[in-house]
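A.B. asks: Dumping the structure here so I can ask a few things about it.
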Amino acid sequence: MSYALMRHLRRTTFLRHQFRVESTMTNLTQEDFVFRPPIAQWSKVIREAEKIVGYPTSFMNLRWLLSDEFANIAMHLRKLVGSNHPILKTAKTVLYNEHNNLQPWGLIILLISKATNGPMSMLHANMVNEQQRILAELTEMIRTGHYIHRGLLNVPLEQRNKNTDTAMFANKVAILIGDYLLVTANGMLAKLKNQDLSYLISTALRDMSEGEFFGDRDNQNMPLPGVPHNKSVEDFKISSDTLPLDVSDCLGTPVREWCLRTMYNGGSLFGRGCQGALILGGYDKRQEDQEIAYQFGCHLCLAWQAASELQKFTSGNKETYSLVSAPVLFAINDNPELYKTVEKVKNNITDIDLEDFRMDILKTDAVERTRMLYEHHASKARDYIEMFGTSEPVLTIKRLIKSL
C-alpha cells in the first residue's frame, strides 16, 4: 500500500472517529432518504447482490472520499464537531454509508445493467461495464452533493454576529463539498461522451433544481404542505419524456403532492440512472425498454421513500419527520383542522411540537394510507423489473424490494 493511500485512510478513519460525537440536531430535514430495514436480512441480500455485480458498492464513494481535494475540505469539518449545523448530520450519513442507512442506488443501477446487457465481446463488455459503473457512481455523487447543498442554515443579515460565525463557516464548507461532488460528477458524465445520457441526467438536475422552488417554505427554506382541498384528481402520472414534471393540481392533494416532491427530491434522478444504464448497454434505440427502466427506478424510489416515512411513525422511536411526508399530507387532508397547526409555525417549522402533532396524525388513517402507498409503488417496481426476464440480477432486485 502506498504512503499516499495510507495517509488518506488515516484521515478518513480519523474523521469517522470525530463524527461519533452526536450533535443535537433540532431542525427538521427537508427530505430524508434514510430507511433501516432488518439489518441481518438486508445485509445478506446486499452481499449477494454485490457478488453478482462484482463490485463492492458499499465503498462506491471511497474514490472521492480519498481524493486530495476532498481530504483538504473534510479537515475543516473537524472545527464544526459539537455544533448543531445540518452539515454534520449529512457528513455522518455519508461517512457511515452502512447497508442499513442509505438505499443502494448504485447497486441497483449495476444490477439492472447486468440484467439487460446483451451478448458482446469481452473487450466491449469490459468497456460497457466500466461506463455503467461510472454512471452508478456519478448518480450517487449528484444525489449526495444535492443533499449537502440543502443542509444550509439561513442566517439573516441583521442576526449575524460572533455567535453565528460557526454556522456561516459551516455553510461555506457545505457549499464547497456539494460543489466538489457535483462538479466531479459532471466531469465523469462528460468523459462518458454520450450525448443522450448527458441530456437525460441534465433533465434530472433540472427537476431537482425546480423542486427547490415548489410550494411554500419557512424562513429556513423548509417545505410546507399545501393547503388541503377536496378536489378529485387523478394519481400522479410518471412518464420518461423529458418535459418538466407536471405540477398542476398537486398542492393540497396528498398523493400527487407527495409523488411530485419525491420525484423532485431524487426519484427523477434515480429513474434516469436506470434508464441511462440501458443506453450505455446498447438500448439507445429501444425506447420501450428505456421507459420500463425509468418507470422501475421511479417507482422503487417512491416505494423506498414511503417505507422511510412509514417507519418514522411505526418504529416506536421519537424520530423527527418532515411536514411534507406522506402521513402528514394524508392526515391534514383527512382533518383540515390540523393544517392550522402548520400555519401557526409557517415562519419556522421547528417551533412545532412534533410529538403532539404525531399523536394527532395517528388518530387518522394516515399511516394505513401510507402503507398502501408503499405497497402500490413496490408492486409497480416489481412488475416493471420482471419485464426484463428472470435472470439472477432481476431476482436479486426483487429480493431487495421484498426486504423493505
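By convention here, the chains of the C-alpha cells are called A, B, ... in the order presented, each chain's residues are numbered starting at 1, and ligands are numbered starting at 1 in the order presented.
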For A:His299, find every residue with an atom within 12 Å (counting only C-alpha atoms), except residues of its own chain fewer than 4 positions away, and show them as a ChimeraX atom specification.

C.D. replies: /A:236-239,259,262-263,266-268,270-271,274,292-295,303-306,373-385,401

A.B. asks: Got a sec: who's within 6 Å of stretch 204-215 of chain A, counting only C-alpha atoms, leaving out chain neighbours fewer than 3 positions off, as number ranges by chain?

C.D. replies: A: 201, 264-265, 268-269

A.B. asks: What does the file look like for those residues with C-alpha atoms, as a JSON list (two decimals), in the first residue's frame?

C.D. replies:
[["chain", "number", "residue", "atom", "x", "y", "z"],
["A", 201, "ILE", "CA", -29.05, 13.43, -16.46],
["A", 264, "TYR", "CA", -38.10, 16.31, -7.35],
["A", 265, "ASN", "CA", -36.02, 15.06, -4.41],
["A", 268, "SER", "CA", -36.29, 11.56, -11.34],
["A", 269, "LEU", "CA", -32.51, 11.20, -10.95]]

A.B. asks: Taking 2 positions as the minimum chain separation for residues in the same chain, which residues sit within 7 Å of A:Leu153 when counting only C-alpha atoms? Answer as a list in words.

C.D. replies: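 Final neighbour list, sorted by chain and number: Gly151, Val155, Ala167, Asn171 and Gln220 of chain A.
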
A.B. asks: Save out the residues we just selected, N, CA and C atoms, as an mmCIF file, in the first residue's frame.

C.D. replies:
data_model
loop_
_atom_site.group_PDB
_atom_site.id
_atom_site.type_symbol
_atom_site.label_atom_id
_atom_site.label_comp_id
_atom_site.auth_asym_id
_atom_site.auth_seq_id
_atom_site.Cartn_x
_atom_site.Cartn_y
_atom_site.Cartn_z
ATOM 1 N N GLY A 151 -28.510 21.404 3.079
ATOM 2 C CA GLY A 151 -28.332 21.486 4.522
ATOM 3 C C GLY A 151 -27.739 22.804 4.979
ATOM 4 N N VAL A 155 -29.088 32.434 7.869
ATOM 5 C CA VAL A 155 -28.863 33.374 8.967
ATOM 6 C C VAL A 155 -29.077 34.788 8.429
ATOM 7 N N ALA A 167 -21.911 28.832 12.218
ATOM 8 C CA ALA A 167 -22.924 28.475 11.222
ATOM 9 C C ALA A 167 -22.529 28.978 9.836
ATOM 10 N N ASN A 171 -21.714 26.708 6.559
ATOM 11 C CA ASN A 171 -22.373 26.912 5.270
ATOM 12 C C ASN A 171 -21.355 26.903 4.130
ATOM 13 N N GLN A 220 -36.225 28.962 6.930
ATOM 14 C CA GLN A 220 -35.050 28.129 6.705
ATOM 15 C C GLN A 220 -35.175 27.307 5.419
#

A.B. asks: Could you write out, as number ranges by chain, all the residues of stretch 172-285 of chain A that DSSP marks as helix (DSSP H, G or I)?

C.D. replies: A: 172-191, 195-211, 254-283

A.B. asks: Just the residues within 12 Å of A:Gly54, please, counting only C-alpha atoms, with nothing from its chain fewer than 3 positions along; format it as a list in words.

C.D. replies: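 Contacts, with the query itself left out: Ile46, Arg47, Glu48, Ala49, Glu50, Lys51, Thr57, Ser58, Leu107, Leu110, Leu111, Lys114, Asn129, Glu130, Arg133 and Pro393 of chain A.
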
A.B. asks: Measure the distance from atom CA of A:Leu310 to atom CA of A:Lys402 in Å and round it to one decimal.

C.D. replies: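 Straight-line distance from atom CA of A:Leu310 to atom CA of A:Lys402 works out to 15.7 Å.
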